[in-house]
Each structure stands twice: as C-alpha cells, then as structure tokens.
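Engineer: Contents of entry-v2.cif (mmCIF, C-alpha atoms) are given next:
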```cif
data_run
#
loop_
_atom_site.label_atom_id
_atom_site.label_comp_id
_atom_site.auth_asym_id
_atom_site.auth_seq_id
_atom_site.Cartn_x
_atom_site.Cartn_y
_atom_site.Cartn_z
CA MET A 172 3.32 88.83 74.17
CA SER A 173 1.09 86.18 75.66
CA ARG A 174 2.99 83.13 76.90
CA SER A 175 0.59 80.96 74.92
CA VAL A 176 1.80 82.47 71.63
CA ILE A 177 4.87 81.02 69.91
CA SER A 178 6.80 83.85 68.30
CA ILE A 179 8.19 83.62 64.78
CA LYS A 180 11.40 85.59 64.39
CA SER A 181 12.03 87.83 61.38
CA PRO A 182 15.36 87.76 59.51
CA SER A 183 16.57 90.78 61.48
CA ASP A 184 15.47 89.15 64.75
CA ILE A 185 17.43 86.04 63.82
CA GLU A 186 20.56 88.07 63.15
CA GLY A 187 20.24 89.52 66.65
CA MET A 188 19.92 86.06 68.12
CA ARG A 189 22.91 84.82 66.12
CA LYS A 190 24.98 87.63 67.62
CA SER A 191 23.93 86.72 71.16
CA GLY A 192 24.42 83.01 70.54
CA LYS A 193 27.93 83.41 69.18
CA ALA A 194 28.91 85.65 72.10
CA LEU A 195 27.51 83.20 74.62
CA ARG A 196 29.37 80.28 73.07
CA SER A 197 32.64 82.20 73.35
CA VAL A 198 31.92 82.92 77.02
CA LEU A 199 31.19 79.27 77.72
CA GLU A 200 34.36 78.10 76.00
CA GLU A 201 36.47 80.65 77.89
CA LEU A 202 34.86 79.77 81.23
CA THR A 203 35.17 76.01 80.67
CA ALA A 204 38.96 76.41 80.71
CA LYS A 205 38.71 77.92 84.21
CA VAL A 206 36.92 74.89 85.68
CA VAL A 207 39.89 73.35 87.49
CA PRO A 208 40.44 71.75 90.90
CA GLY A 209 40.42 74.32 93.69
CA VAL A 210 38.31 77.01 92.06
CA THR A 211 35.13 77.92 93.92
CA THR A 212 31.74 78.09 92.27
CA ARG A 213 31.47 81.71 93.36
CA GLU A 214 34.72 82.53 91.56
CA LEU A 215 33.38 80.88 88.41
CA ASP A 216 30.17 82.89 88.68
CA GLN A 217 32.12 86.16 88.91
CA MET A 218 34.37 85.18 86.01
CA ALA A 219 31.28 84.52 83.91
CA ALA A 220 29.84 87.92 84.85
CA ASP A 221 33.05 89.64 83.75
CA MET A 222 33.16 87.70 80.47
CA ILE A 223 29.54 88.49 79.67
CA LYS A 224 30.08 92.19 80.39
CA ALA A 225 33.23 92.25 78.24
CA ARG A 226 31.09 91.18 75.27
CA GLY A 227 28.60 93.98 75.78
CA GLY A 228 25.96 91.75 77.32
CA LYS A 229 24.23 91.08 80.59
CA SER A 230 23.04 87.96 82.34
CA PRO A 231 19.34 87.12 81.95
CA PHE A 232 19.64 84.84 84.99
CA LEU A 233 20.67 87.46 87.57
CA ASN A 234 17.61 88.42 89.66
CA TYR A 235 15.33 86.29 87.46
CA ARG A 236 12.53 85.37 89.87
CA GLY A 237 14.98 86.21 92.66
CA PHE A 238 17.92 84.11 91.44
CA LYS A 239 21.14 85.58 92.84
CA GLY A 240 23.69 84.11 90.45
CA ASN A 241 24.97 85.28 87.09
CA ILE A 242 24.93 81.67 85.84
CA CYS A 243 23.88 78.29 87.21
CA ILE A 244 26.74 76.09 88.47
CA SER A 245 25.79 72.57 89.54
CA LEU A 246 28.20 69.85 90.67
CA ASN A 247 27.83 66.07 90.52
CA GLU A 248 24.43 65.16 92.04
CA GLU A 249 23.21 68.73 91.48
CA VAL A 250 21.08 68.76 88.33
CA VAL A 251 20.48 72.45 87.60
CA HIS A 252 20.05 75.93 89.15
CA GLY A 253 23.06 75.65 91.46
CA LEU A 254 24.17 78.94 93.03
CA GLY A 255 27.79 80.04 93.20
CA GLY A 256 29.27 79.71 96.67
CA PHE A 257 32.30 78.49 98.57
CA ARG A 258 32.20 74.89 97.32
CA ARG A 259 35.47 74.05 95.60
CA VAL A 260 35.71 72.01 92.44
CA GLN A 261 37.60 68.76 92.94
CA TYR A 262 39.34 66.33 90.62
CA GLY A 263 36.81 63.80 89.33
CA ASP A 264 33.84 66.18 89.58
CA ILE A 265 31.41 66.95 86.81
CA VAL A 266 30.45 70.63 86.69
CA LYS A 267 27.37 71.84 84.88
CA LEU A 268 27.56 75.39 83.52
CA ASP A 269 24.18 76.78 82.46
CA MET A 270 24.30 80.36 81.25
CA GLY A 271 22.63 83.02 79.18
CA ILE A 272 23.38 86.40 77.67
CA VAL A 273 21.29 89.36 76.53
CA ILE A 274 22.69 91.56 73.76
CA ASP A 275 20.54 94.27 72.15
CA GLY A 276 17.49 92.69 73.78
CA TRP A 277 18.02 89.19 72.34
CA VAL A 278 18.62 86.25 74.66
CA ALA A 279 20.72 83.13 74.10
CA ASP A 280 20.91 80.20 76.51
CA MET A 281 23.18 77.15 76.64
CA ALA A 282 24.68 74.61 79.00
CA THR A 283 27.52 72.11 79.13
CA THR A 284 28.89 69.56 81.57
CA VAL A 285 32.62 69.79 82.25
CA ARG A 286 34.55 66.72 83.34
CA VAL A 287 37.32 67.71 85.77
CA GLY A 288 40.07 65.23 85.09
CA GLU A 289 39.20 61.55 84.93
CA VAL A 290 35.69 60.62 86.02
CA LYS A 291 34.22 57.24 86.89
CA PRO A 292 33.43 55.04 83.85
CA GLU A 293 29.67 55.13 84.45
CA VAL A 294 29.79 58.93 84.68
CA ALA A 295 31.74 59.13 81.43
CA LYS A 296 29.03 57.03 79.75
CA LEU A 297 26.34 59.29 81.22
CA TRP A 298 28.20 62.38 79.96
CA GLN A 299 28.47 60.95 76.45
CA ALA A 300 24.85 59.78 76.31
CA THR A 301 23.56 63.17 77.45
CA GLN A 302 25.62 65.08 74.92
CA GLU A 303 24.58 62.71 72.12
CA SER A 304 20.90 62.90 73.15
CA LEU A 305 21.02 66.66 72.61
CA LEU A 306 22.23 66.15 69.06
CA VAL A 307 19.56 63.49 68.49
CA GLY A 308 16.93 65.95 69.68
CA ILE A 309 18.27 68.76 67.52
CA GLU A 310 18.05 66.51 64.47
CA GLN A 311 14.26 66.44 64.95
CA ALA A 312 14.01 70.25 65.06
CA ARG A 313 12.72 70.55 61.49
CA PRO A 314 9.68 72.27 59.97
CA GLY A 315 6.62 70.03 59.92
CA ASN A 316 7.76 68.00 62.90
CA HIS A 317 6.21 68.48 66.32
CA VAL A 318 7.87 69.57 69.57
CA HIS A 319 7.43 66.11 71.07
CA ASP A 320 9.30 64.53 68.17
CA ILE A 321 12.30 66.18 69.82
CA SER A 322 11.15 65.04 73.25
CA ALA A 323 10.59 61.41 72.24
CA ALA A 324 13.94 61.20 70.45
CA VAL A 325 15.80 62.38 73.55
CA GLU A 326 13.88 60.11 75.91
CA GLN A 327 14.32 57.00 73.79
CA TYR A 328 18.03 57.59 73.24
CA VAL A 329 18.66 58.10 76.95
CA GLU A 330 16.56 55.21 78.23
CA LYS A 331 18.02 52.70 75.76
CA ARG A 332 21.36 53.40 77.42
CA GLY A 333 20.03 52.75 80.90
CA PHE A 334 19.74 56.34 82.11
CA SER A 335 16.72 58.50 82.98
CA VAL A 336 15.52 61.96 81.93
CA VAL A 337 14.43 64.60 84.40
CA ARG A 338 10.75 65.47 83.93
CA GLU A 339 10.25 68.41 86.28
CA PHE A 340 12.47 70.77 84.25
CA VAL A 341 12.26 71.20 80.48
CA GLY A 342 13.52 73.17 77.50
CA HIS A 343 11.66 76.21 76.19
CA GLY A 344 11.19 78.84 73.56
CA ILE A 345 13.49 81.85 73.67
CA GLY A 346 13.85 85.28 72.08
CA ARG A 347 13.20 88.63 73.75
CA GLU A 348 12.51 86.64 76.92
CA LEU A 349 14.56 83.87 78.49
CA HIS A 350 11.52 81.60 78.70
CA GLU A 351 8.92 81.73 75.96
CA GLU A 352 6.51 79.20 74.47
CA PRO A 353 6.66 76.35 73.69
CA GLN A 354 7.88 74.12 76.46
CA VAL A 355 10.26 71.45 75.14
CA PRO A 356 10.24 68.41 77.45
CA ASN A 357 12.86 65.66 77.30
CA TYR A 358 10.11 63.05 77.21
CA GLY A 359 6.91 62.69 75.22
CA ARG A 360 4.99 61.00 72.44
CA ALA A 361 6.20 61.60 68.89
CA GLY A 362 3.76 63.43 66.64
CA THR A 363 2.27 65.53 69.43
CA GLY A 364 2.82 69.05 70.70
CA PRO A 365 2.99 72.27 68.69
CA LYS A 366 4.11 72.00 65.07
CA LEU A 367 7.57 73.38 64.35
CA LYS A 368 7.73 76.26 61.87
CA PRO A 369 10.62 78.23 60.34
CA GLY A 370 11.55 81.20 62.49
CA MET A 371 10.88 79.49 65.82
CA THR A 372 13.76 79.57 68.29
CA ILE A 373 13.88 76.98 71.07
CA CYS A 374 16.22 75.68 73.73
CA ILE A 375 16.72 71.92 73.78
CA GLU A 376 18.32 70.82 77.05
CA PRO A 377 18.48 67.20 78.17
CA MET A 378 19.02 66.76 81.91
CA VAL A 379 19.90 63.11 82.40
CA ASN A 380 20.40 61.16 85.62
CA LEU A 381 22.57 58.14 86.26
CA GLY A 382 19.90 56.72 88.57
CA VAL A 383 16.25 57.52 89.13
CA PRO A 384 14.58 60.43 87.29
CA GLU A 385 13.19 62.02 90.45
CA VAL A 386 14.72 65.21 91.82
CA LYS A 387 14.30 67.48 94.84
CA ILE A 388 15.09 71.13 95.61
CA LEU A 389 17.49 72.03 98.41
CA GLY A 390 16.83 74.49 101.20
CA ASP A 391 18.21 77.45 99.22
CA GLY A 392 15.05 77.21 97.12
CA TRP A 393 17.01 76.83 93.89
CA THR A 394 19.52 73.99 93.70
CA VAL A 395 17.96 70.88 92.16
CA VAL A 396 19.57 67.54 93.08
CA THR A 397 18.89 63.94 92.17
CA ALA A 398 16.63 62.16 94.65
CA ASP A 399 19.09 59.27 95.00
CA GLY A 400 22.24 61.39 95.18
CA LYS A 401 23.68 59.98 91.94
CA PRO A 402 25.29 62.18 89.27
CA SER A 403 23.41 64.08 86.58
CA CYS A 404 24.52 65.69 83.29
CA HIS A 405 23.09 68.65 81.37
CA PHE A 406 23.69 69.99 77.86
CA GLU A 407 21.77 72.73 76.03
CA HIS A 408 21.74 74.70 72.78
CA THR A 409 19.60 77.50 71.41
CA VAL A 410 18.26 76.25 68.07
CA LEU A 411 16.58 77.97 65.11
CA ILE A 412 13.98 76.14 63.04
CA THR A 413 14.77 76.89 59.40
CA GLU A 414 13.25 75.80 56.09
CA ASP A 415 15.67 72.87 56.14
CA GLU A 416 18.41 71.85 58.61
CA PRO A 417 18.17 73.07 62.22
CA GLU A 418 20.64 75.85 62.99
CA ILE A 419 22.44 75.87 66.33
CA LEU A 420 22.65 79.54 67.31
CA THR A 421 24.96 78.91 70.25
CA CYS A 422 27.85 77.86 68.01
CA LEU A 423 30.79 80.02 67.01
CA GLU A 424 29.85 79.20 63.41
CA THR A 425 26.06 79.35 63.00
CA ASN A 426 25.68 78.10 59.45
CA GLY A 427 24.39 74.65 60.29
CA SER A 428 24.00 72.00 62.92
CA LYS A 429 27.64 71.04 63.32
#
```
Take the structure from the file and write it as structure tokens.
Structural biologist:
Amino acid sequence: MSRSVISIKSPSDIEGMRKSGKALRSVLEELTAKVVPGVTTRELDQMAADMIKARGGKSPFLNYRGFKGNICISLNEEVVHGLGGFRRVQYGDIVKLDMGIVIDGWVADMATTVRVGEVKPEVAKLWQATQESLLVGIEQARPGNHVHDISAAVEQYVEKRGFSVVREFVGHGIGRELHEEPQVPNYGRAGTGPKLKPGMTICIEPMVNLGVPEVKILGDGWTVVTADGKPSCHFEHTVLITEDEPEILTCLETNGSK
C-alpha cells in the first residue's frame, strides 16, 4: 500500500484491531503497576516483552528502523523514544510508556505518562493538561471533520494552559503497519488536512512540554529530550472513525469513547 493512501478498514479488519487494542491496554495497565522507585528501564522493557508475548502478540517497535527496545520508556525531560537501560526510576519521576502490539497482523499503539509518587505541582498540571488534550482531540475524530480539526483542538487546549506542543513528532494512521497515512500533528489549522471517513484508524498522541516546544535527539540516535531540560508528558490512543462517536480501540471496553 502506498504511504499516500489512507486505508479504510472493513468490519473484519476493525474486529482484528479491537482485539489488538484491548490486549495492548491490558499490557499497559499491568506494566503501569510495575513502575515503582528502584526499577530500571531495562527491567520494564523486558516485563513488557513478556506481557506482550503472553497475549499472543509481538512488539512492532523491536527492530523498527533499528530500534532495540520492545517499548519506548522516557523519563522526565525525555519526550519519546527512550531506550531501556540501567537508569532507575525514582520517586517524583514521570515515566512515559509508549508501546504497541501486533496480533494476527493488526497493530495497536498507545502511550501513557505514569507519575511515580508525588510530583511537583507544575508537573501535575502538565500531566493533567496533556491527558485532557488527548480527549479533546479524540472528540474531533468524527466523519466529515478534517485531521487538523484534531490538531488545532489539541494545540489550543495546551497553549491556553501555558504549555507547548512538540512539532517534530506527530500522530499517524495505523493498521497493518505501525505508521500509515495520514500524519496527525498536535498543531494545525482547523478545517484543513485529509477529511475523516468511517473506517479510518489513527493514533492521536499529544506530546506536551512544560517549557519550550523545541526538542533534540541524544547521542543514542533515538531518545528525544526537551531542548530546555524541562519535563514533558505523552498520552496516546488508537482511535477508529465511525459513523458517529469516535471509538477508542485501546480501551478494555471498545464500545465508545469513554
């Protein structure tokens, strides 16, 4: 399939994606409970690999363009694409878990930010705003709207609260491949971009910084950090465009947008 073509999933395709989405959500919830002070990011990565395998799936991240992790684990000032290693989680950290699963050829992708104990007040506000901006974006994922209706809703929600969205990394279509068309930025002009149609499946994933929007990539070639060293949060869901309400596929119950 050409990357310029946006695929429309059939009812049987959607059932496959529901299965993957539900499995991935259960992995994320199980792994979130393991994010405690003292655990290393490498240990979390291996736990995730075991959980994914136990559900009959595999990681779409492992060896993707040379990536050596099963999931992405990013702490504090790390925005996304962090590799598991010997860094230990500490009380007061925020830990971003970005993960995917492939079951029967269908991919699901989601992310969350875990607060380890009590975090600083400004970080708690960032965490809440990022999570809420995802829901605001999902609300725009309706037939007849455009991709950048999602983008503009996220950007406006975030910036009104004094935070900034990352521009270098964006959401995306998903299905048989981890990254399909269309790209789903967290910024844009409402009413522009491809029109949303029932059967499209997309990943909406705000990455929101406490400080400036600029980021840089560390020497490992993967880990993205904020340019000013301030914290960043990340949330993501795989979403189906339906004839009516958007359906979050990465929920344990996939009958609506709750």
Engineer: Evaluate the PyMOL selection byres ((chain A and resi 202) around 12) against this structure - the residues, as a CSV table (one decimal) with C-alpha atoms, in the coordinates of the input, please.
Structural biologist:
```
chain,number,residue,atom,x,y,z
A,195,LEU,CA,27.5,83.2,74.6
A,196,ARG,CA,29.4,80.3,73.1
A,197,SER,CA,32.6,82.2,73.4
A,198,VAL,CA,31.9,82.9,77.0
A,199,LEU,CA,31.2,79.3,77.7
A,200,GLU,CA,34.4,78.1,76.0
A,201,GLU,CA,36.5,80.6,77.9
A,203,THR,CA,35.2,76.0,80.7
A,204,ALA,CA,39.0,76.4,80.7
A,205,LYS,CA,38.7,77.9,84.2
A,206,VAL,CA,36.9,74.9,85.7
A,207,VAL,CA,39.9,73.4,87.5
A,210,VAL,CA,38.3,77.0,92.1
A,212,THR,CA,31.7,78.1,92.3
A,214,GLU,CA,34.7,82.5,91.6
A,215,LEU,CA,33.4,80.9,88.4
A,216,ASP,CA,30.2,82.9,88.7
A,217,GLN,CA,32.1,86.2,88.9
A,218,MET,CA,34.4,85.2,86.0
A,219,ALA,CA,31.3,84.5,83.9
A,220,ALA,CA,29.8,87.9,84.8
A,221,ASP,CA,33.0,89.6,83.8
A,222,MET,CA,33.2,87.7,80.5
A,223,ILE,CA,29.5,88.5,79.7
A,242,ILE,CA,24.9,81.7,85.8
A,244,ILE,CA,26.7,76.1,88.5
A,266,VAL,CA,30.4,70.6,86.7
A,267,LYS,CA,27.4,71.8,84.9
A,268,LEU,CA,27.6,75.4,83.5
A,269,ASP,CA,24.2,76.8,82.5
A,270,MET,CA,24.3,80.4,81.2
A,282,ALA,CA,24.7,74.6,79.0
A,283,THR,CA,27.5,72.1,79.1
A,284,THR,CA,28.9,69.6,81.6
A,285,VAL,CA,32.6,69.8,82.2
```
Engineer: Can you work out which one of A:Pro377, A:Gly333, A:Pro365, A:Gly359 has the shortest atom-to-atom distance to Ile309 in chain A, counting all atoms listed in the file?
Structural biologist: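 Of A:Pro377, A:Gly333, A:Pro365, A:Gly359, the one nearest Ile309 in chain A, counting all atoms listed in the file, is A:Pro377.
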Engineer: To one decimal in Å, tell me the separation between CA of Gly400 in chain A and CA of Val355 in chain A.
Structural biologist: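 Taking CA of Gly400 in chain A as the start and CA of Val355 in chain A as the end point, the length is 25.4 Å.
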Engineer: Applied to this file, what does the PyMOL selection byres ((chain A and resi 249) around 8) return in terms of residues, put as a list in words?
Structural biologist: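 In the shown coordinates, the PyMOL selection byres ((chain A and resi 249) around 8) covers Ser245, Leu246, Asn247, Glu248, Val250, Val251, Gly253, Thr394, Val395, Val396, Thr397, Pro402 and Ser403 of chain A.
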Engineer: Tell me which of A:Pro356, A:Gly192, A:Gly344, A:Pro384 sits closest to Cys422 in chain A, counting only C-alpha atoms.
Structural biologist: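 Of the candidates, the smallest distance to Cys422 in chain A is held by A:Gly192.
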Engineer: Find the residue from A:Glu186, A:Ile274, A:Asp415, A:Phe340 that sits nearest to Ile388 in chain A; use only C-alpha atoms when measuring.
Structural biologist: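 Among the listed residues, A:Phe340 lies closest to Ile388 in chain A.
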Engineer: Hey, what's within 12 Å of Glu330 in chain A if we count all atoms listed in the file and toss same-chain stuff fewer than 6 positions away? As number ranges by chain, please?
Structural biologist: A: 297, 300-301, 304, 323-324, 336-337, 357-358, 379-384
Engineer: Pick the closest to Ile321 in chain A from A:Leu367, A:Val278, A:Ala225, A:Val273: which is it, counting only C-alpha atoms?
Structural biologist: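 Ranking A:Leu367, A:Val278, A:Ala225, A:Val273 by distance to Ile321 in chain A, first place goes to A:Leu367.
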Engineer: Got a sec: who's within 7 Å of Pro417 in chain A, counting all atoms listed in the file, leaving out chain neighbours fewer than 3 positions off, as a PDB file with C-alpha atoms, in the frame of the given file?
Structural biologist:
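Once written, out.pdb looks like this:
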```
ATOM      1  CA  ILE A 309      18.270  68.760  67.520  1.00  0.00           C
ATOM      2  CA  GLU A 310      18.050  66.510  64.470  1.00  0.00           C
ATOM      3  CA  ALA A 312      14.010  70.250  65.060  1.00  0.00           C
ATOM      4  CA  ARG A 313      12.720  70.550  61.490  1.00  0.00           C
ATOM      5  CA  VAL A 410      18.260  76.250  68.070  1.00  0.00           C
ATOM      6  CA  LEU A 411      16.580  77.970  65.110  1.00  0.00           C
ATOM      7  CA  ILE A 412      13.980  76.140  63.040  1.00  0.00           C
ATOM      8  CA  THR A 413      14.770  76.890  59.400  1.00  0.00           C
ATOM      9  CA  GLY A 427      24.390  74.650  60.290  1.00  0.00           C
ATOM     10  CA  SER A 428      24.000  72.000  62.920  1.00  0.00           C
TER      11      SER A 428
END
```
Engineer: With only C-alpha atoms as the basis for distance, which of A:Gly256, A:Gly346, A:Gly263, A:Gly228 is at the shortest distance from Pro208 in chain A?
Structural biologist: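 Residue with the minimum atom-to-atom distance to Pro208 in chain A: A:Gly263.
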Engineer: For each of A:Leu254, A:Ile272, A:Leu420, A:Val287, take the minimum atom-to-atom distance to Glu348 in chain A, counting all atoms listed in the file, then give the residue where this is smallest.
Structural biologist: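 Closest residue, counting all atoms listed in the file: A:Ile272.
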Engineer: What is the distance, in Å and to one decimal place, between CA of Tyr235 in chain A and CA of Cys404 in chain A?
Structural biologist: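 Going from CA of Tyr235 in chain A over to CA of Cys404 in chain A, I get 22.9 Å.
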Engineer: I'd like the box whose edges run along x, y and z of the file and which contains every listed atom of range 379-382 of chain A, padded by 5 Å per side; could you state its centre and edge lengths in Å, one decimal, as lines of an AutoDock Vina configuration file?
Structural biologist:
```
center_x = 21.2
center_y = 59.9
center_z = 85.5
size_x = 12.7
size_y = 16.4
size_z = 16.2
```
Engineer: Go ahead and compute the interatomic distance for CA of His319 in chain A and CA of Gln299 in chain A, in Å to one decimal.
Structural biologist: 22.3 Å
